[in-house]
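J.: Handing you this structure, nothing more for now.
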Amino acid sequence: RPDKYGKLGDQAFTKMDKVSSDLLALTYGSLVSQLLRDIEDVDGVNAQLEKMGYNIGLRIVDEFLAKGGVGACQDFRETAEVVAKVGLRMFLGVGAEVVMWNKELTACSLVLPENPLAEYVELPANLTNRLWYSNLICGVIRGALEQLQLRVECRFQKDVLNGDEHNMIRLELKEVMREDYGEDD
């Protein structure tokens, strides 16, 4: 059967303003380099990249809802498919495959065939398996889903920059938050 979310991702991508992927990769690279100089602690840089992504995620949800062509998801499995095939495609230009579900269907992995943020990047040996270079992506996913009342944990499991075969992000649902409309509802 045709992949409806893959098609929606392609359609959403065509609606987006484009930035040169080279410009994006090089600008992001200089941001990461500057953070490494300023913070001098790899774990601190990982946390800062995730926090920056989180703040972006909080803000891009509205654009996603306006241009993504996706209705409300029925469950976390559908949400993961939408993130992988529509959200990542729309904002990064690449879709991901959803794999490795746990039996409760509350955790899965997203396999990214390519990562535009990591073009032209080679990690020095002292940062390999320590710096999650594209941790911004995990923050974006976490922030966007939190805006939609889903508290998730999102982290890189594998990164081509660390010598892994694929880029893989683990996504785990921690809580479905309820909207609090105050005392007088």
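Ligands are numbered from 1 in the order shown, residues from 1 within each chain, and chains are lettered A, B, ... in the order they appear in the structure tokens.
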Do a neighbour search on Leu26 of chain A at 12 Å with only C-alpha atoms, toss out local chain neighbours closer than 2 positions, and write the hits as a list in words.

T.: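 The neighbour list is Val19, Ser20, Ser21, Asp22, Leu23, Leu24, Tyr28, Gly29, Ser30, Leu31, Val32, Ser33, Pro116, Leu117, Ala118, Glu119, Tyr120 and Val121 of chain A.
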
J.: Could you save the residues just selected, with C-alpha atoms, as an mmCIF file, in the first residue's frame?

T.:
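Result went into again.cif, see below:
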data_model
loop_
_atom_site.group_PDB
_atom_site.id
_atom_site.type_symbol
_atom_site.label_atom_id
_atom_site.label_comp_id
_atom_site.auth_asym_id
_atom_site.auth_seq_id
_atom_site.Cartn_x
_atom_site.Cartn_y
_atom_site.Cartn_z
ATOM 1 C CA VAL A 19 17.779 27.058 2.663
ATOM 2 C CA SER A 20 20.877 25.665 0.996
ATOM 3 C CA SER A 21 21.799 22.430 2.763
ATOM 4 C CA ASP A 22 25.465 23.464 2.506
ATOM 5 C CA LEU A 23 24.715 26.749 4.262
ATOM 6 C CA LEU A 24 22.724 24.922 6.945
ATOM 7 C CA TYR A 28 25.338 24.552 12.275
ATOM 8 C CA GLY A 29 28.948 23.358 12.310
ATOM 9 C CA SER A 30 30.205 26.755 13.381
ATOM 10 C CA LEU A 31 27.521 26.876 16.107
ATOM 11 C CA VAL A 32 28.672 23.508 17.499
ATOM 12 C CA SER A 33 32.334 24.609 17.314
ATOM 13 C CA PRO A 116 21.985 17.168 6.549
ATOM 14 C CA LEU A 117 23.376 18.746 9.738
ATOM 15 C CA ALA A 118 26.379 16.412 9.666
ATOM 16 C CA GLU A 119 27.488 16.931 6.044
ATOM 17 C CA TYR A 120 31.233 17.712 5.813
ATOM 18 C CA VAL A 121 31.735 16.763 9.488
#

J.: Would you pick out the contacts of Glu122 of chain A at 12 Å or less, using only C-alpha atoms, so that residues sharing its chain but fewer than 4 positions from it are not included, and give the list as a list of chain:residue names?

T.: A:Gly29, A:Leu117, A:Ala118, A:Asn126, A:Leu127, A:Thr128, A:Leu131, A:Tyr133, A:Asp159, A:Val160, A:Leu161, A:Asn162, A:Gly163

J.: Looking at only C-alpha atoms, which of A:Thr79, A:Asn167, A:Asn129, A:Asn115 is the one that sits closest to Leu145 of chain A?

T.: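 Under the stated criterion, the closest residue is A:Thr79.
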
J.: Which residues of segment 43-72 of chain A come within 12 Å of segment 91-109 of chain A, and for each one, what is the closest pair of atoms and their distance in Å to one decimal, counting only C-alpha atoms, sorted by chain and residue number, as CSV?

T.:
residue,atom,partner,partner_atom,distance
A:Ile56,CA,A:Phe91,CA,11.2
A:Gly57,CA,A:Phe91,CA,10.7
A:Ile60,CA,A:Phe91,CA,9.1
A:Val61,CA,A:Phe91,CA,10.9
A:Glu63,CA,A:Phe91,CA,10.0
A:Phe64,CA,A:Phe91,CA,8.7
A:Lys67,CA,A:Phe91,CA,10.9
A:Gly68,CA,A:Phe91,CA,10.3

J.: Taking the backbone alone, and naming residues the way the document does, which bits of segment 33-180 of chain A are strand (DSSP E or B) by DSSP, as a count of residues only?

T.: 28

J.: Output as a VMD selection string all residues of segment 70-138 of chain A that backbone DSSP marks as alpha helix (DSSP H).

T.: chain A and resid 76 to 82 88 to 92 135 to 138

J.: Go ahead and save the residues from that selection, with N, CA, C and O atoms, as a CSV table (one decimal), in the first residue's frame.

T.:
chain,number,residue,atom,x,y,z
A,76,PHE,N,0.4,6.8,19.8
A,76,PHE,CA,1.9,7.1,19.7
A,76,PHE,C,2.5,6.5,18.5
A,76,PHE,O,3.4,7.1,17.9
A,77,ARG,N,2.0,5.4,18.1
A,77,ARG,CA,2.6,4.7,16.9
A,77,ARG,C,2.4,5.6,15.7
A,77,ARG,O,3.3,5.8,14.9
A,78,GLU,N,1.2,6.2,15.6
A,78,GLU,CA,0.9,7.1,14.4
A,78,GLU,C,1.7,8.4,14.6
A,78,GLU,O,2.3,8.9,13.6
A,79,THR,N,1.9,8.8,15.8
A,79,THR,CA,2.6,10.1,16.1
A,79,THR,C,4.1,9.9,15.6
A,79,THR,O,4.7,10.7,15.0
A,80,ALA,N,4.7,8.7,15.9
A,80,ALA,CA,6.1,8.5,15.5
A,80,ALA,C,6.2,8.4,14.0
A,80,ALA,O,7.2,9.0,13.4
A,81,GLU,N,5.2,7.8,13.3
A,81,GLU,CA,5.2,7.8,11.8
A,81,GLU,C,5.2,9.2,11.3
A,81,GLU,O,5.9,9.5,10.3
A,82,VAL,N,4.3,10.1,11.9
A,82,VAL,CA,4.2,11.4,11.4
A,82,VAL,C,5.5,12.2,11.7
A,82,VAL,O,5.9,13.0,10.8
A,88,LEU,N,10.2,15.4,10.0
A,88,LEU,CA,11.6,15.4,9.6
A,88,LEU,C,11.8,15.8,8.2
A,88,LEU,O,12.7,16.5,7.8
A,89,ARG,N,10.9,15.2,7.3
A,89,ARG,CA,11.0,15.5,5.9
A,89,ARG,C,10.7,17.0,5.6
A,89,ARG,O,11.4,17.7,4.9
A,90,MET,N,9.7,17.5,6.3
A,90,MET,CA,9.3,18.9,6.2
A,90,MET,C,10.4,19.9,6.5
A,90,MET,O,10.7,20.9,5.8
A,91,PHE,N,11.0,19.7,7.7
A,91,PHE,CA,12.0,20.7,8.2
A,91,PHE,C,13.5,20.3,7.9
A,91,PHE,O,14.3,21.2,7.9
A,92,LEU,N,13.8,19.1,7.7
A,92,LEU,CA,15.2,18.7,7.4
A,92,LEU,C,15.4,18.2,6.0
A,92,LEU,O,16.5,18.1,5.6
A,135,ASN,N,22.4,16.7,18.3
A,135,ASN,CA,21.5,16.6,19.4
A,135,ASN,C,20.3,17.6,19.3
A,135,ASN,O,19.3,17.4,19.9
A,136,LEU,N,20.5,18.6,18.5
A,136,LEU,CA,19.5,19.6,18.3
A,136,LEU,C,18.2,19.0,17.8
A,136,LEU,O,17.1,19.3,18.2
A,137,ILE,N,18.4,18.0,16.9
A,137,ILE,CA,17.2,17.3,16.3
A,137,ILE,C,16.4,16.6,17.4
A,137,ILE,O,15.1,16.7,17.4
A,138,CYS,N,17.0,16.0,18.4
A,138,CYS,CA,16.3,15.4,19.5
A,138,CYS,C,15.5,16.4,20.3
A,138,CYS,O,14.4,16.2,20.7

J.: Excluding Arg151 of chain A and residues on its chain fewer than 5 positions from it, collect all residues at most 6 Å away from it, counting only C-alpha atoms, and give them as a VMD selection string.

T.: chain A and resid 146 174 to 175

J.: How many Å separate atom CA of Ala84 of chain A from atom CA of Arg178 of chain A?

T.: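 It comes out at 24.0 Å.
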
J.: Near Val42 of chain A, counting only C-alpha atoms, which residues have an atom at most 9 Å away, once you skip same-chain residues fewer than 4 positions from it, shown as a ChimeraX atom specification?

T.: /A:36,46-47,127,130-132

J.: For the residues in the current selection, export all heavy atoms as a JSON list (two decimals), in the first residue's frame.

T.:
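out_39.json written:
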[["chain", "number", "residue", "atom", "x", "y", "z"],
["A", 36, "LEU", "N", 31.49, 24.33, 21.76],
["A", 36, "LEU", "CA", 32.60, 23.55, 22.32],
["A", 36, "LEU", "C", 33.66, 24.47, 22.92],
["A", 36, "LEU", "O", 34.22, 24.18, 23.97],
["A", 36, "LEU", "CB", 33.21, 22.64, 21.25],
["A", 36, "LEU", "CG", 32.39, 21.40, 20.91],
["A", 36, "LEU", "CD1", 32.88, 20.77, 19.61],
["A", 36, "LEU", "CD2", 32.44, 20.39, 22.05],
["A", 46, "ASN", "N", 26.25, 18.86, 24.64],
["A", 46, "ASN", "CA", 25.13, 17.99, 24.27],
["A", 46, "ASN", "C", 23.83, 18.55, 24.85],
["A", 46, "ASN", "O", 22.80, 18.62, 24.16],
["A", 46, "ASN", "CB", 25.35, 16.57, 24.79],
["A", 46, "ASN", "CG", 26.41, 15.82, 24.01],
["A", 46, "ASN", "OD1", 26.66, 16.09, 22.84],
["A", 46, "ASN", "ND2", 27.06, 14.86, 24.67],
["A", 47, "ALA", "N", 23.86, 18.94, 26.12],
["A", 47, "ALA", "CA", 22.66, 19.47, 26.79],
["A", 47, "ALA", "C", 22.23, 20.79, 26.16],
["A", 47, "ALA", "O", 21.03, 21.02, 25.95],
["A", 47, "ALA", "CB", 22.93, 19.66, 28.28],
["A", 127, "LEU", "N", 36.27, 13.47, 20.64],
["A", 127, "LEU", "CA", 34.82, 13.72, 20.74],
["A", 127, "LEU", "C", 33.99, 12.53, 20.27],
["A", 127, "LEU", "O", 32.78, 12.49, 20.49],
["A", 127, "LEU", "CB", 34.44, 14.96, 19.93],
["A", 127, "LEU", "CG", 35.02, 16.27, 20.43],
["A", 127, "LEU", "CD1", 34.63, 17.41, 19.51],
["A", 127, "LEU", "CD2", 34.60, 16.55, 21.86],
["A", 130, "ARG", "N", 31.21, 10.69, 22.30],
["A", 130, "ARG", "CA", 30.95, 11.58, 23.45],
["A", 130, "ARG", "C", 30.05, 12.74, 23.03],
["A", 130, "ARG", "O", 29.12, 13.08, 23.74],
["A", 130, "ARG", "CB", 32.27, 12.14, 24.00],
["A", 130, "ARG", "CG", 33.12, 11.05, 24.67],
["A", 130, "ARG", "CD", 34.41, 11.59, 25.24],
["A", 130, "ARG", "NE", 34.17, 12.67, 26.18],
["A", 130, "ARG", "CZ", 34.90, 13.80, 26.22],
["A", 130, "ARG", "NH1", 35.91, 13.98, 25.38],
["A", 130, "ARG", "NH2", 34.63, 14.73, 27.09],
["A", 131, "LEU", "N", 30.35, 13.35, 21.88],
["A", 131, "LEU", "CA", 29.55, 14.48, 21.39],
["A", 131, "LEU", "C", 28.44, 13.94, 20.49],
["A", 131, "LEU", "O", 28.71, 13.24, 19.52],
["A", 131, "LEU", "CB", 30.41, 15.45, 20.59],
["A", 131, "LEU", "CG", 29.65, 16.60, 19.92],
["A", 131, "LEU", "CD1", 29.07, 17.55, 20.98],
["A", 131, "LEU", "CD2", 30.55, 17.37, 18.96],
["A", 132, "TRP", "N", 27.18, 14.26, 20.84],
["A", 132, "TRP", "CA", 26.06, 13.94, 19.96],
["A", 132, "TRP", "C", 25.84, 15.19, 19.12],
["A", 132, "TRP", "O", 25.08, 16.07, 19.46],
["A", 132, "TRP", "CB", 24.82, 13.52, 20.76],
["A", 132, "TRP", "CG", 25.09, 12.24, 21.47],
["A", 132, "TRP", "CD1", 25.35, 12.06, 22.80],
["A", 132, "TRP", "CD2", 25.18, 10.94, 20.88],
["A", 132, "TRP", "NE1", 25.60, 10.74, 23.06],
["A", 132, "TRP", "CE2", 25.50, 10.02, 21.90],
["A", 132, "TRP", "CE3", 25.02, 10.45, 19.57],
["A", 132, "TRP", "CZ2", 25.66, 8.66, 21.66],
["A", 132, "TRP", "CZ3", 25.18, 9.10, 19.35],
["A", 132, "TRP", "CH2", 25.49, 8.22, 20.38]]

J.: Kindly indicate which residue among A:Leu112, A:Leu49, A:Leu35, A:Ala72 lies nearest to Glu165 of chain A, using only C-alpha atoms for the distances.

T.: A:Leu112

J.: What does the distance from atom CA of Gln48 of chain A to atom CA of Pro113 of chain A come to in Å, to one decimal?

T.: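 Interatomic distance, atom CA of Gln48 of chain A to atom CA of Pro113 of chain A: 24.8 Å.
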
J.: Find the distance between atom CA of Met52 of chain A and atom CA of Glu40 of chain A and write it in Å to one decimal.

T.: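 Going from atom CA of Met52 of chain A over to atom CA of Glu40 of chain A, I get 17.2 Å.
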